[in-house]
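Have a look at the structure below before the remarks.
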Amino acid sequence: MQIGMLGPFEVRTDDGVLVDVPGARLRGLVVALALEPGHVVPKAALVDWIWGEQPPADAANALQRLVSRLRKVLPEGSVEGRPNGYRLAVEPDAVDAVRFERLVGRARDHDDPPRVLRDALALWRGTAMQDVGLQDSEAFDAAVTRLDGLRLTALEDRFDAEIDSGHGAALVTELTDAVAAHPLRERLVAALMRALIAAGRGNEALLVYQRTREALADALGVDPSPELSALHVALLRGEVGRREENRKTNLRAELTSFVGKDGDVAALRGIIAEHRLTTVIGPGGSGKTRLAAETARTLLGDLPDGAWLVELAAIGADGDVAQATLAALGLRDT
């Protein structure tokens with residue numbers, strides 16, 4: 001027997017025949033048992049699931065009558081009685097919601113997470129538990145909310161895994177739709193920004209961030225999360241979106257313009273052209289590092305191996321200059 005609740009509710013026999021389960025309470029009973037396949041569900045939990053805060057006066061007998069009706073509908077031996085509750089005799093993978101959660105958990109340790117997550121998400125056929133129709137049941141409503149939340153998280157996991165695998169550009173359309181449906185879901189917004197960056201559309205990623213910042217302020221009165229803000233700043237600085245194999249520099253894109261220093265840059269370029277080693281000296285805070293970086297940026301087209309900034313001051317007096325240089329170049333000391 002197969003039980004589907006990730007979309008329109010359905011029960012099918014092993015040979016694929018659709019089983020008619022009439023009535024919201026009967027369908028609700030199937031769902032409550034199916035979410036715990038092979039395990040005994042206590043009678044009290046079933047009563048709360050089906051009737052909520054308004055159970056019948058003879059709740060135990062009402063539940064027993066409901067189980068008797070269900071046994072006439074499902075294949076023989078499907079519902080087993082125990083002193084303290086009832087058990088649905090099906091394998092976990094026969095219930096799509098349970099199989100979905102098992103696949104999502106498996107993806108964390110799998111060598112191909114995107115594929116496993118795609119398999120998990122493919123089990124969904126619509127909104128969770130459609131056509132069940134159970135009213136006034138907080139337990140049922142909570143289960144629906146939980147499954148929908150797990151679906152959205154799995155979708156985010158899949159997007160992140162795909163982008164990390166280098167397939168971000170292919171996800172722009174899908175992510176655009178997802179963000180339109182969930183505009184305040186910052187993890188989806190971050191994924192869309194990363195996908196746009198991968199597609200060479202950094203300016204559009206900046207617009208996405210701006211729209212999200214305004215939406216969060218209007219709807220919730222809050223600023224973007226530190227994670228989303230950090231991605232925004234990294235994009236402004238040019239720290240994301242570069243193919244590592246094509247990098248010619250680790251110089252950051254500055255957030256302010258370098259005004260009134262064209263003469264200094266030109267003079268320093270001339271000195272560099274004539275000398276292999278050029279040292280810029282001056283008092284602390286006079287702008288030596290910025291001048292050097294801006295000059296190096298203008299020379300990138302003339303330097304086959306690029307221009308690289310090595311932060312020597314950060315390593316201290318006894319630091320290893322060679323290691324700092326290798327780190328700046330993204331190389332290992334072999």
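A note on labels: chains of the structure tokens are A, B, ... as shown, every chain counts residues from 1, and ligands are counted from 1 in their shown order.
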Can you check which parts of stretch 106-165 of chain A lie within 9 Å of stretch 184-193 of chain A? Per residue, the shortest pair of atoms and distance in Å to one decimal, counting only C-alpha atoms, sorted by chain and number, as a tab-separated table.
residue	atom	partner	partner_atom	distance
A:Leu155	CA	A:Leu188	CA	8.9
A:Glu156	CA	A:Leu188	CA	6.3
A:Phe159	CA	A:Ala191	CA	6.7
A:Asp160	CA	A:Ala191	CA	6.4
A:Ile163	CA	A:Ala191	CA	7.7
- Task: Would you return as a VMD selection string the members of stretch 115-165 of chain A that DSSP assigns to helix (DSSP H, G or I) on this structure's backbone?
- Result: chain A and resid 115 to 121 138 to 164
What would the file look like if the residues just selected were written as a tab-separated table (two decimals), in the first residue's frame with N, CA, C and O atoms?
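Listing of again-v9.tsv after writing:
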chain	number	residue	atom	x	y	z
A	115	ARG	N	21.35	15.82	-6.34
A	115	ARG	CA	20.52	14.76	-6.93
A	115	ARG	C	19.55	14.19	-5.91
A	115	ARG	O	18.37	13.98	-6.21
A	116	VAL	N	20.02	13.95	-4.69
A	116	VAL	CA	19.15	13.38	-3.66
A	116	VAL	C	18.05	14.37	-3.30
A	116	VAL	O	16.89	13.99	-3.12
A	117	LEU	N	18.39	15.65	-3.22
A	117	LEU	CA	17.39	16.66	-2.89
A	117	LEU	C	16.38	16.81	-4.02
A	117	LEU	O	15.19	17.03	-3.77
A	118	ARG	N	16.83	16.69	-5.26
A	118	ARG	CA	15.88	16.73	-6.38
A	118	ARG	C	14.91	15.55	-6.30
A	118	ARG	O	13.71	15.70	-6.55
A	119	ASP	N	15.43	14.38	-5.95
A	119	ASP	CA	14.56	13.20	-5.80
A	119	ASP	C	13.54	13.43	-4.69
A	119	ASP	O	12.37	13.04	-4.83
A	120	ALA	N	13.98	14.05	-3.60
A	120	ALA	CA	13.07	14.31	-2.48
A	120	ALA	C	11.98	15.29	-2.88
A	120	ALA	O	10.78	15.06	-2.63
A	121	LEU	N	12.37	16.37	-3.52
A	121	LEU	CA	11.40	17.40	-3.90
A	121	LEU	C	10.45	16.93	-5.00
A	121	LEU	O	9.33	17.42	-5.11
A	138	GLU	N	-5.54	21.43	15.63
A	138	GLU	CA	-4.25	22.11	15.69
A	138	GLU	C	-3.10	21.17	15.35
A	138	GLU	O	-2.11	21.57	14.73
A	139	ALA	N	-3.23	19.90	15.74
A	139	ALA	CA	-2.17	18.94	15.45
A	139	ALA	C	-2.04	18.71	13.95
A	139	ALA	O	-0.92	18.65	13.41
A	140	PHE	N	-3.18	18.62	13.27
A	140	PHE	CA	-3.16	18.45	11.82
A	140	PHE	C	-2.56	19.69	11.15
A	140	PHE	O	-1.70	19.59	10.27
A	141	ASP	N	-3.02	20.87	11.55
A	141	ASP	CA	-2.51	22.12	10.97
A	141	ASP	C	-1.01	22.25	11.19
A	141	ASP	O	-0.28	22.71	10.30
A	142	ALA	N	-0.54	21.86	12.37
A	142	ALA	CA	0.89	21.94	12.67
A	142	ALA	C	1.69	21.00	11.77
A	142	ALA	O	2.80	21.34	11.33
A	143	ALA	N	1.14	19.83	11.49
A	143	ALA	CA	1.83	18.88	10.63
A	143	ALA	C	1.94	19.42	9.20
A	143	ALA	O	2.98	19.27	8.54
A	144	VAL	N	0.88	20.06	8.73
A	144	VAL	CA	0.91	20.67	7.39
A	144	VAL	C	1.97	21.77	7.33
A	144	VAL	O	2.77	21.82	6.39
A	145	THR	N	1.95	22.64	8.34
A	145	THR	CA	2.93	23.73	8.38
A	145	THR	C	4.35	23.20	8.43
A	145	THR	O	5.25	23.72	7.75
A	146	ARG	N	4.56	22.16	9.22
A	146	ARG	CA	5.90	21.59	9.35
A	146	ARG	C	6.38	21.02	8.01
A	146	ARG	O	7.52	21.27	7.60
A	147	LEU	N	5.53	20.27	7.31
A	147	LEU	CA	5.94	19.68	6.04
A	147	LEU	C	6.21	20.76	4.99
A	147	LEU	O	7.19	20.67	4.24
A	148	ASP	N	5.36	21.78	4.94
A	148	ASP	CA	5.61	22.87	3.99
A	148	ASP	C	6.92	23.58	4.30
A	148	ASP	O	7.66	23.98	3.39
A	149	GLY	N	7.24	23.74	5.59
A	149	GLY	CA	8.50	24.36	5.97
A	149	GLY	C	9.70	23.51	5.58
A	149	GLY	O	10.72	24.02	5.10
A	150	LEU	N	9.57	22.20	5.77
A	150	LEU	CA	10.66	21.29	5.38
A	150	LEU	C	10.88	21.31	3.88
A	150	LEU	O	12.02	21.23	3.40
A	151	ARG	N	9.79	21.42	3.13
A	151	ARG	CA	9.91	21.50	1.67
A	151	ARG	C	10.69	22.73	1.26
A	151	ARG	O	11.59	22.66	0.41
A	152	LEU	N	10.37	23.87	1.87
A	152	LEU	CA	11.04	25.11	1.51
A	152	LEU	C	12.52	25.07	1.90
A	152	LEU	O	13.39	25.51	1.14
A	153	THR	N	12.82	24.49	3.05
A	153	THR	CA	14.21	24.37	3.48
A	153	THR	C	14.98	23.43	2.55
A	153	THR	O	16.14	23.71	2.20
A	154	ALA	N	14.35	22.34	2.14
A	154	ALA	CA	15.00	21.41	1.22
A	154	ALA	C	15.26	22.08	-0.13
A	154	ALA	O	16.30	21.84	-0.77
A	155	LEU	N	14.33	22.93	-0.56
A	155	LEU	CA	14.53	23.66	-1.80
A	155	LEU	C	15.72	24.60	-1.68
A	155	LEU	O	16.55	24.70	-2.60
A	156	GLU	N	15.83	25.28	-0.54
A	156	GLU	CA	16.98	26.16	-0.31
A	156	GLU	C	18.27	25.36	-0.27
A	156	GLU	O	19.30	25.79	-0.83
A	157	ASP	N	18.25	24.20	0.38
A	157	ASP	CA	19.43	23.34	0.42
A	157	ASP	C	19.85	22.94	-0.98
A	157	ASP	O	21.05	22.92	-1.31
A	158	ARG	N	18.87	22.59	-1.80
A	158	ARG	CA	19.17	22.19	-3.18
A	158	ARG	C	19.77	23.33	-3.99
A	158	ARG	O	20.77	23.16	-4.69
A	159	PHE	N	19.19	24.53	-3.88
A	159	PHE	CA	19.73	25.67	-4.59
A	159	PHE	C	21.18	25.94	-4.18
A	159	PHE	O	22.05	26.14	-5.03
A	160	ASP	N	21.43	25.94	-2.87
A	160	ASP	CA	22.79	26.20	-2.39
A	160	ASP	C	23.77	25.14	-2.89
A	160	ASP	O	24.90	25.46	-3.28
A	161	ALA	N	23.33	23.89	-2.86
A	161	ALA	CA	24.22	22.81	-3.32
A	161	ALA	C	24.50	22.93	-4.81
A	161	ALA	O	25.64	22.70	-5.25
A	162	GLU	N	23.49	23.28	-5.59
A	162	GLU	CA	23.68	23.45	-7.03
A	162	GLU	C	24.63	24.60	-7.32
A	162	GLU	O	25.51	24.51	-8.18
A	163	ILE	N	24.45	25.71	-6.61
A	163	ILE	CA	25.31	26.88	-6.82
A	163	ILE	C	26.74	26.55	-6.42
A	163	ILE	O	27.70	26.91	-7.12
A	164	ASP	N	26.91	25.87	-5.29
A	164	ASP	CA	28.25	25.48	-4.84
A	164	ASP	C	28.92	24.55	-5.84
A	164	ASP	O	30.16	24.50	-5.91
- Item | Contacts of A:Lys43 within 8 Å, only C-alpha atoms, excl. fewer than 4 positions in-chain, as a list in words |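 Here the answer would be Val47, Ala60, Leu63, Asn84, Gly85 and Tyr86 of chain A.
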- Task: Step one, run DSSP on the backbone; step two, keep only residues of stretch 24-155 of chain A assigned to strand (DSSP E or B); then write them as an NGL selection string.
- Result: :A and (40-42 or 79-82 or 85-88 or 95 or 130)
- Task: Check the smallest atom-to-atom distance from each of A:Leu309, A:Leu123, A:Ala181, A:Val265 to A:Leu291 using only C-alpha atoms, then report the winner.
- Result: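 Looking only at the distances to A:Leu291, the closest residue turns out to be A:Val265.
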- Message: Set the distance at 7 Å and use only C-alpha atoms: which residues neighbour A:Ala169 once local chain neighbours fewer than 5 positions away are removed? I'd like the list as a PyMOL selection string.
- Response: chain A and resi 195-196+198-199
- Item | Spatial neighbours of A:Arg269, max dist 8 Å, only C-alpha atoms, sep filter under 4 positions, as a list in words |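 Here the qualifying residues turn out to be Val265, Ala273, Thr295 and Leu299 of chain A.
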- For atom CA of A:Lys261 and atom CA of A:Gly284, determine how far apart the two atoms are, in Å to one decimal place.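 Result for atom CA of A:Lys261 versus atom CA of A:Gly284: 17.7 Å, one decimal.
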- For A:Val40, the closest of A:Asp177, A:Glu80, A:Glu53, A:Asp14 counting only C-alpha atoms is A:Glu80
- Task: Return the single residue from A:Leu35, A:Val11, A:Leu134, A:Ala62 that is closest to A:Ile50, with distances computed using only C-alpha atoms.
- Result: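 Of all the options, A:Leu134 lies closest to A:Ile50.
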